[in-house]
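See below for the structure under consideration.
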Amino acid sequence: MAVQKFITGNFYDEAVLFPAVKKVRRGGYKIHEVFTPFPIHGLDKAMGLRDTSLHTAGFIYAITGTATAVGFITWALTVDWQINFGGKPFFALPAWIPITFELTVLFAAVGMVLTFCYLCQLAPFVRKDHFNLRSTDDTFVLVLECTDKTNDAEAMSFLQSIGGQDVQVQYKETGWWLGRYDKDTKRFERKAEAAH
Amino acid sequence: MSLLRYESQVRPALVEGDKDYHQVTEDICRPVEARPSKLWWIGFIISVLFLAFGILSVTVEVIYGTGQWNLNKTIGWGWDITNFVWWVGIGHAGTLISAILLLFRQGWRTGVNRAAEAMTIFAVMCAGQFPIWHMGRVWNAFFVLPYPNTRGPLWVNFNSPLLWDVFAISTYFTVSLLFWYSGLLPDLATLRDRAKKKWRKAFYGVAAFGWTGSTKHWQRHEALSLVLAGLSTPLVLSVHTIVSFDFATSVVPGWHTTIFPPYFVAGAIFSGFAMVQTLLVVTRKVLGLEEYITIEHINVMNKVIVLTGSIVGIAYLTELFMAWYSAVDYENFAFFENRLNLNSPYGWSYWIMMGCNVLSPQIFWFKKMRTNLVVTFFMSILVNIGMWFERFVIIVTSVYRDYLPSAWSTYYTPTIWEVGFYMGTFGLFFTCYFLFSKFFPVIAIAEIKHILKRSGDNYKEKMDVVEKEDTIVFAEKQAHDH
């Protein structure tokens with residue numbers, strides 16, 4: 001992770017943003033990210049992102065929960081310590097359905113939230129660079145990645161031509177760091193590069 | 001693009017007034033960023049006082065034992081379990097609004113879901129207090145967990161409904177908390193990015209987990225919300241079903257009925273919606289959010305109240321029918337003598353329940369009543385009184401006359417510490433709610449923005465032109481645009 005160079009443009013209407021995203025991809029530029037204040041359905045498809053597999057992970061956690069509950073209760077009540085409740089069978093599966101169900105849900109929910117936080121690199125005290133503070137308010141921010149071959153001026157005028165406003169070059173940290181926002185002590189920042 | 005998210009004019013706008021995205025942020029963040037009003041302080045201090053009295057009551061009970069409560073030989077469960085079931089039931093509305101209505105694609109949930117989810121969490125916290133402190137030797141409370149112990153290890157009884165309750169309530173609390181907080185992350189990020197004061201930057205900076213609003217993150221966030229909603233839906237039904245098993249699996253006349261699970265779930269939604277109404281009618285006024293929590297929201301929730309209230313009413317009648325149809329003397333005695341007979345010692349409580357839960361909500365068949373805030377507020381209180389009495393009736397009238405008539409003379413009234421404990425949970429609930437409404441956005445900002453172009457007032461007006469347009473022309477124009 002390091003500080004990289006980006007070109008950003010602001011959009012204020014989805015109707016402008018969607019065609020812009022398509023044109024950027026057709027124009028051969030690499031979209032680093034589009035930041036939006038709320039989920040916009042179809043934007044991920046327009047950007048060419050693949051579907052998330054979070055559901056699959058959730059399913060795996062769920063069956064882990066089911067197996068844990070059934071396995072543990074079976075072992076505890078039929079192998080480890082058998083207790084005779086009014087002559088009922090030790091293996092009383094119907095009576096275990098409630099706990100099995102609860103553990104299935106619990107494992108799936110906790111597992112999925114942790115996976116979500118891991119994939120998105122979210123945790124308390126984690127800090128990430130923002131390209132525009134208004135992107136959590138009312139602004140859609142389209143960020144292009146710059147490489148050595150990118151012609152900055154050309155990219156900027158292209159972004160302007162497709163509706164981007166306040167187009168500018170920004171140097172930003174791509175990873176996360178710990179600390180405070182008001183004290184910019186970035187963990188990965190290379191001072192020389194950031195001074196551009 | 002906005003044309004694609006077209007919604008019929010028949011539906012009233014969910015967000016009133018001429019709003020854009022920034023205005024939504026401003027409106028919902030304003031109460032969080034402003035200094036708390038005098039009204040907020042008064043409410044908060046009263047809540048804390050209630051909480052303090054509750055802590056005193058519980059302390060007395062822990063020091064001197066459950067003998068400080070007036071539970072007696074036949075009435076082993078009194079106010080404590082009544083209050084437990086009551087609070088758990090209230091919690092259910094939050095999950096219903098946030099999960100089931102999400103699956104049903106009900107756009108109106110966005111105005112009220114955040115506050116309702118918070119209410120769920122606080123209500124479950126209150127509910128959990130009762131079985132825990134009822135244990136008496138509360139320092140041994142961890143015995144309910146299946147951990148490897150030195151007594152064998154002797155495992156807990158996995159076949160017992162009381163243990164199912166432990167799992168159900170703790171799972172419910174955990175999942176609700178995760179659902180609520182994962183939904184809050186984007187809104188906390190909004191507050192963080194608006195913050196000017198140092199402590200706000202630090203507080204919301206930590207709380208927002210470094211959320212940026214990247215499209216990939218939103219994609220995962222949507223997937224997570226949908227699956228959590230899918231999990232919460234059967235979960236919420238299971239929780240009150242399991243609570244009802246505490247009674248239904250026993251052989252006590254009045255408890256031993258198969259109708260309990262659906263009847264409890266309907267009652268839970270009924271009382272929960274009433275509590276949501278109580279809170280939101282006040283919240284929207286005090287925080288100036290009338291354009292987001294509109295009369296239409298109140299109207300829709302009142303429809304749910306009259307529906308669930310009537311389901312509960314049918315359940316009451318079914319119980320009476322089944323008691324008669326069973327031709328079992330004990331069943332008949334429990335229902336027709338101990339409950340229905342107004343002259344029996346607790347007959348009055350049955351009729352309070354009937355009046356508040358079944359008869360009074362019927363006024364919500366009239367739109368004029370559903371959209372009247374004073375009536376709604378009054379009714380929401382009445383419903384919760386009624387639902388409290390439902391649990392009281394189920395618990396106390398079933399056990400106060402057992403099979404030994406010599407034990408019948410004891411009439412159960414709570415002591416000051418039992419009442420104080422109940423008051424204390426009100427304190428806990430409202431202290432949490434006041435803090436929540438001060439430090440967190442009470443409306444899901446991102447979700448409101450998401451529906452704004454479909455259901456907002458100003459966007460609906462623009463749609464008038466489209467409404468008159470020919471369908472074929474409209475479709476062709478859309479096809480050309482893309």
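Scheme for the structure tokens: letters A, B, ... for chains in order shown; per-chain residue numbers from 1; ligand numbers from 1 in order shown.
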Discussion item. As a ChimeraX atom specification, could you give me every residue of chain A near chain B (at most 8 Å apart, counting only C-alpha atoms)?
Written reply: /A:14-15,33-40,43-44,49,51-52,54-55,58,73,76-77,81,92,95-96,98-99,102-103,105-106,109-110,112-113,116,120,122-128,130,133-138,180-182
Practice prompt. Give the helix (DSSP H, G or I) residues of range 28-151 of chain A, as DSSP finds them on the backbone, and put them as an MDAnalysis selection string.
Written response: chainID A and resid 43:47 54:80 93:119 133:136
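Taking CA of Trp77 in chain B and CA of Leu96 in chain B as the two end points, the separation is 28.3 Å.
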Fill in: Selection: 12 Å around Thr147 in chain A, only C-alpha atoms, excl. self and same-chain fewer than 2 positions, as a PyMOL selection string
chain A and resi 4-7+29-32+144-145+149-152+155
Discussion item. Excluding Thr257 in chain B and its own-chain neighbours fewer than 6 positions away, which residues fall within 9 Å of it when counting only C-alpha atoms? Please give them as a list in words.
Written reply: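 Skipping anything fewer than 6 positions along the chain leaves Phe247, Ala248, Thr249, Val251, Glu319 and Met322 of chain B.
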Discussion item. Which residues are close to Ser57 in chain B, i.e. within 9 Å by only C-alpha atoms, leaving aside same-chain residues fewer than 5 positions away? Reply as a VMD selection string.
Written reply: chain B and resid 52 62 416 to 421 424
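With only C-alpha atoms as the atoms that count, the minimum distance from Thr371 in chain B to the choices B:Val281, B:Met387, B:Ile269, B:Cys356 is reached by B:Val281.
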Worksheet item: Between A:Val169, A:Ile83, A:Ile97, A:Ala20, which one has atoms that come closest to Val70 in chain A, using only C-alpha atoms?
Response: A:Ile97
Response to the item:
What separates CA of Thr74 in chain B and CA of Ala407 in chain B is a distance of 7.2 Å
